[in-house]
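A.B. asks: Below you'll find run-v4.txt; it's compact mmCIF, C-alpha atoms.
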```
# COMPACT_ATOMS: atom_id res chain seq x y z
CA MET E 1 112.05 85.89 116.57
CA PRO E 2 112.19 89.58 115.59
CA GLU E 3 115.14 90.92 113.68
CA SER E 4 117.47 92.91 115.93
CA ASN E 5 117.29 95.94 113.66
CA GLN E 6 113.49 96.23 113.84
CA PHE E 7 111.74 99.06 115.62
CA GLY E 8 109.40 97.96 118.41
CA PHE E 9 106.20 98.76 116.52
CA GLU E 10 107.19 96.29 113.79
CA THR E 11 106.86 93.41 116.24
CA LEU E 12 103.24 94.25 117.08
CA ALA E 13 100.73 91.76 115.65
CA LEU E 14 98.51 94.78 115.01
CA SER E 15 101.15 96.45 112.87
CA LYS E 16 101.69 93.29 110.85
CA LYS E 17 97.95 92.91 110.17
CA VAL E 18 97.64 96.54 109.12
CA ARG E 19 100.59 96.14 106.77
CA GLU E 20 98.90 93.15 105.11
CA PHE E 21 95.64 95.11 104.84
CA LYS E 22 97.40 98.12 103.30
CA ASN E 23 99.12 95.91 100.72
CA GLU E 24 95.84 94.20 99.80
CA VAL E 25 94.09 97.55 99.40
CA SER E 26 96.94 98.71 97.19
CA LYS E 27 96.72 95.63 94.97
CA ALA E 28 92.92 95.73 94.71
CA ARG E 29 92.65 99.31 93.58
CA LYS E 30 92.45 98.99 89.82
CA LEU E 31 90.60 102.22 89.35
CA PRO E 32 90.28 104.22 86.13
CA PRO E 33 92.94 106.85 85.35
CA GLU E 34 90.57 109.73 86.12
CA GLU E 35 90.43 108.50 89.74
CA LYS E 36 94.23 108.68 90.14
CA PHE E 37 94.19 111.93 92.10
CA ARG E 38 90.84 111.31 93.72
CA LEU E 39 89.77 107.92 95.05
CA THR E 40 93.03 106.09 94.31
CA ASP E 41 95.05 108.72 96.15
CA GLN E 42 92.62 108.71 99.08
CA LEU E 43 92.78 104.91 99.39
CA ILE E 44 96.56 104.95 99.38
CA ARG E 45 96.81 107.77 101.90
CA SER E 46 94.23 106.47 104.36
CA SER E 47 95.46 102.85 104.29
CA ARG E 48 99.07 103.97 104.78
CA SER E 49 98.04 106.34 107.53
CA ILE E 50 96.81 103.53 109.79
CA ASN E 51 100.25 102.06 110.45
CA ALA E 52 101.94 105.46 110.22
CA LEU E 53 99.85 106.63 113.15
CA ILE E 54 100.35 103.42 115.14
CA SER E 55 104.11 103.66 114.67
CA GLU E 56 104.19 107.37 115.53
CA GLY E 57 102.23 106.70 118.71
CA HIS E 58 104.50 103.78 119.57
CA GLY E 59 107.46 106.14 119.33
CA ARG E 60 105.96 108.61 121.78
CA PHE E 61 107.01 108.61 125.39
CA THR E 62 103.69 109.13 127.10
CA TYR E 63 100.67 106.86 127.20
CA PRO E 64 98.25 109.72 126.44
CA ASP E 65 100.20 110.42 123.22
CA GLN E 66 100.23 106.74 122.29
CA ILE E 67 96.49 106.51 122.90
CA HIS E 68 95.84 109.65 120.87
CA TYR E 69 97.64 108.29 117.81
CA CYS E 70 95.93 104.90 118.08
CA VAL E 71 92.53 106.59 118.15
CA GLN E 72 93.53 108.50 115.01
CA ALA E 73 94.66 105.23 113.41
CA ARG E 74 91.22 103.80 114.08
CA GLY E 75 89.78 106.81 112.25
CA SER E 76 92.04 106.14 109.27
CA LEU E 77 90.88 102.53 109.20
CA THR E 78 87.27 103.67 109.09
CA GLU E 79 88.15 106.22 106.41
CA THR E 80 89.73 103.48 104.29
CA ILE E 81 86.59 101.34 104.56
CA ASN E 82 84.53 104.36 103.52
CA HIS E 83 86.71 104.87 100.42
CA LEU E 84 86.26 101.18 99.60
CA ILE E 85 82.48 101.66 99.87
CA ASP E 86 82.86 104.55 97.41
CA ALA E 87 84.78 102.19 95.11
CA LEU E 88 81.87 99.73 95.31
CA ASP E 89 79.34 102.50 94.60
CA GLU E 90 81.31 103.50 91.51
CA GLY E 91 81.49 99.86 90.34
CA TYR E 92 85.28 99.58 90.79
CA ILE E 93 85.18 96.67 93.25
CA SER E 94 82.66 93.91 93.91
CA LYS E 95 80.47 93.58 96.97
CA GLU E 96 82.35 90.37 97.80
CA LYS E 97 85.69 92.21 97.72
CA LEU E 98 84.29 94.98 99.93
CA ASN E 99 83.05 92.38 102.41
CA GLN E 100 86.52 90.79 102.49
CA PHE E 101 88.00 94.18 103.32
CA ARG E 102 85.33 94.78 105.96
CA LEU E 103 86.19 91.46 107.66
CA LYS E 104 89.89 92.32 107.70
CA GLY E 105 89.04 95.81 108.90
CA LYS E 106 86.99 94.40 111.78
CA GLU E 107 89.90 92.15 112.76
CA ILE E 108 92.24 95.15 112.77
CA GLU E 109 89.69 97.17 114.74
CA ARG E 110 89.56 94.42 117.41
CA LEU E 111 93.35 94.33 117.65
CA LEU E 112 93.55 98.10 117.79
CA ASN E 113 90.87 98.29 120.48
CA GLY E 114 92.76 95.66 122.48
CA TYR E 115 95.96 97.69 122.16
CA LEU E 116 94.07 100.80 123.30
CA ILE E 117 92.77 98.93 126.35
CA PHE E 118 96.34 97.87 127.16
CA LEU E 119 97.65 101.43 126.78
CA ARG E 120 94.84 102.90 128.89
CA LYS E 121 95.51 100.34 131.61
CA LYS E 122 99.22 101.25 131.61
CA ARG E 123 98.32 104.95 131.71
CA ASP E 124 96.00 104.39 134.68
CA GLU E 125 98.66 102.38 136.51
CA GLN E 126 101.09 105.24 136.04
CA LYS E 127 98.54 107.71 137.36
CA LYS E 128 98.07 105.59 140.48
CA LYS E 129 101.81 105.67 141.02
CA GLY E 130 101.65 109.45 140.93
CA ASN E 131 103.34 110.01 137.60
CA SER E 132 100.60 111.66 135.58
CA ASP E 133 102.90 112.59 132.65
CA LEU E 134 102.90 108.97 131.49
```
Can the structure in the file be given as structure tokens, please?
C.D. replies:
Amino acid sequence: MPESNQFGFETLALSKKVREFKNEVSKARKLPPEEKFRLTDQLIRSSRSINALISEGHGRFTYPDQIHYCVQARGSLTETINHLIDALDEGYISKEKLNQFRLKGKEIERLLNGYLIFLRKKRDEQKKKGNSDL
């Protein structure tokens, strides 16, 4: 049962999975000091951005806005995977670790796509009712 003081986005299974993913990325990034303001910073920003965008979209009133932010979140997920590929190419993480992140990323992508389908369906229902602002 969700805590009564939680925001709605915190109850989404998608949001919980992204939070786990972000925390795992954060723990796995043992990069050299010279990467602190390069790859390390990019990994932190892109992995945090996924849930930030989902939550911002969830807080919007209209379905088109919610959809827009979820599409951007999907882009941040892909960006994070790309930075992890860069980490592999530089020898900072193993191929096995990258594949673990890819599997988790694919799971998040499936959840996010399902959420987008749900939002688009709700948007289309609203359009049929004649309220195109939602």
A.B. asks: For Ser94 of chain E, which residue among E:Val18, E:Ile54, E:Ala13, E:Ala28 is the nearest when counting only C-alpha atoms?
C.D. replies: E:Ala28
A.B. asks: Set the distance at 12 Å and use all atoms listed in the file: which residues neighbour Lys104 of chain E once local chain neighbours fewer than 2 positions away are removed? I'd like the list as a PDB file with C-alpha atoms, keeping the file's coordinate frame.
C.D. replies:
```pdb
ATOM      1  CA  LEU E  14      98.510  94.780 115.010  1.00  0.00           C
ATOM      2  CA  LYS E  17      97.950  92.910 110.170  1.00  0.00           C
ATOM      3  CA  VAL E  18      97.640  96.540 109.120  1.00  0.00           C
ATOM      4  CA  ARG E  19     100.590  96.140 106.770  1.00  0.00           C
ATOM      5  CA  GLU E  20      98.900  93.150 105.110  1.00  0.00           C
ATOM      6  CA  PHE E  21      95.640  95.110 104.840  1.00  0.00           C
ATOM      7  CA  LYS E  22      97.400  98.120 103.300  1.00  0.00           C
ATOM      8  CA  GLU E  24      95.840  94.200  99.800  1.00  0.00           C
ATOM      9  CA  VAL E  25      94.090  97.550  99.400  1.00  0.00           C
ATOM     10  CA  LEU E  77      90.880 102.530 109.200  1.00  0.00           C
ATOM     11  CA  THR E  78      87.270 103.670 109.090  1.00  0.00           C
ATOM     12  CA  THR E  80      89.730 103.480 104.290  1.00  0.00           C
ATOM     13  CA  ILE E  81      86.590 101.340 104.560  1.00  0.00           C
ATOM     14  CA  LYS E  97      85.690  92.210  97.720  1.00  0.00           C
ATOM     15  CA  LEU E  98      84.290  94.980  99.930  1.00  0.00           C
ATOM     16  CA  ASN E  99      83.050  92.380 102.410  1.00  0.00           C
ATOM     17  CA  GLN E 100      86.520  90.790 102.490  1.00  0.00           C
ATOM     18  CA  PHE E 101      88.000  94.180 103.320  1.00  0.00           C
ATOM     19  CA  ARG E 102      85.330  94.780 105.960  1.00  0.00           C
ATOM     20  CA  LYS E 106      86.990  94.400 111.780  1.00  0.00           C
ATOM     21  CA  GLU E 107      89.900  92.150 112.760  1.00  0.00           C
ATOM     22  CA  ILE E 108      92.240  95.150 112.770  1.00  0.00           C
ATOM     23  CA  GLU E 109      89.690  97.170 114.740  1.00  0.00           C
ATOM     24  CA  ARG E 110      89.560  94.420 117.410  1.00  0.00           C
ATOM     25  CA  LEU E 111      93.350  94.330 117.650  1.00  0.00           C
TER      26      LEU E 111
END
```
A.B. asks: In Å, with one decimal, what is the gap from atom CA of Glu56 of chain E to atom CA of Leu84 of chain E?
C.D. replies: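 Interatomic distance here is 24.8 Å.
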A.B. asks: Choose the residue, out of E:Ser55, E:Gln42, E:Ser26, E:Thr62, that has the smallest atom-to-atom separation from Glu79 of chain E; count all atoms listed in the file.
C.D. replies: E:Gln42
A.B. asks: What is the distance, in Å and to one decimal place, between atom CA of Ala87 of chain E and atom CA of Ser49 of chain E?
C.D. replies: 18.6 Å
A.B. asks: Return the single residue from E:Asp41, E:Ser47, E:Ile67, E:Leu53 that is closest to Phe118 of chain E, with distances computed using only C-alpha atoms.
C.D. replies: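 Closest residue, counting only C-alpha atoms: E:Ile67.
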A.B. asks: Have a look at atom CA of Ser46 of chain E and atom CA of Lys30 of chain E and let me know their distance in Å, one decimal.
C.D. replies: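 Between atom CA of Ser46 of chain E and atom CA of Lys30 of chain E the gap works out to 16.4 Å.
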A.B. asks: Show me, as number ranges by chain, the residues that have an atom within 12 Å of Tyr69 of chain E when counting only C-alpha atoms, minus same-chain residues fewer than 4 positions from it.
C.D. replies: E: 49-60, 62-65, 73-76, 112, 115-116, 119
A.B. asks: May I ask which of the residues E:Gln66, E:Gly105, E:Lys95, E:Arg45 is the closest one to Lys122 of chain E, counting all atoms listed in the file?
C.D. replies: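 Nearest candidate to Lys122 of chain E out of E:Gln66, E:Gly105, E:Lys95, E:Arg45: E:Gln66.
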A.B. asks: Smallest atom-to-atom distance to Ile44 of chain E: which of E:Phe9, E:Val71, E:Phe61, E:His83, using all atoms listed in the file?
C.D. replies: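 Of E:Phe9, E:Val71, E:Phe61, E:His83, the one nearest Ile44 of chain E is E:His83, counting all atoms listed in the file.
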A.B. asks: Identify, on the basis of only C-alpha atoms, every residue whose closest approach to Leu31 of chain E does not exceed 9 Å; exclude the query and any residue fewer than 5 positions from it along the same chain; express the result as a list of chain:residue names.
C.D. replies: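 Here the qualifying residues turn out to be E:Lys36, E:Leu39, E:Thr40, E:Ala87, E:Tyr92, E:Ile93.
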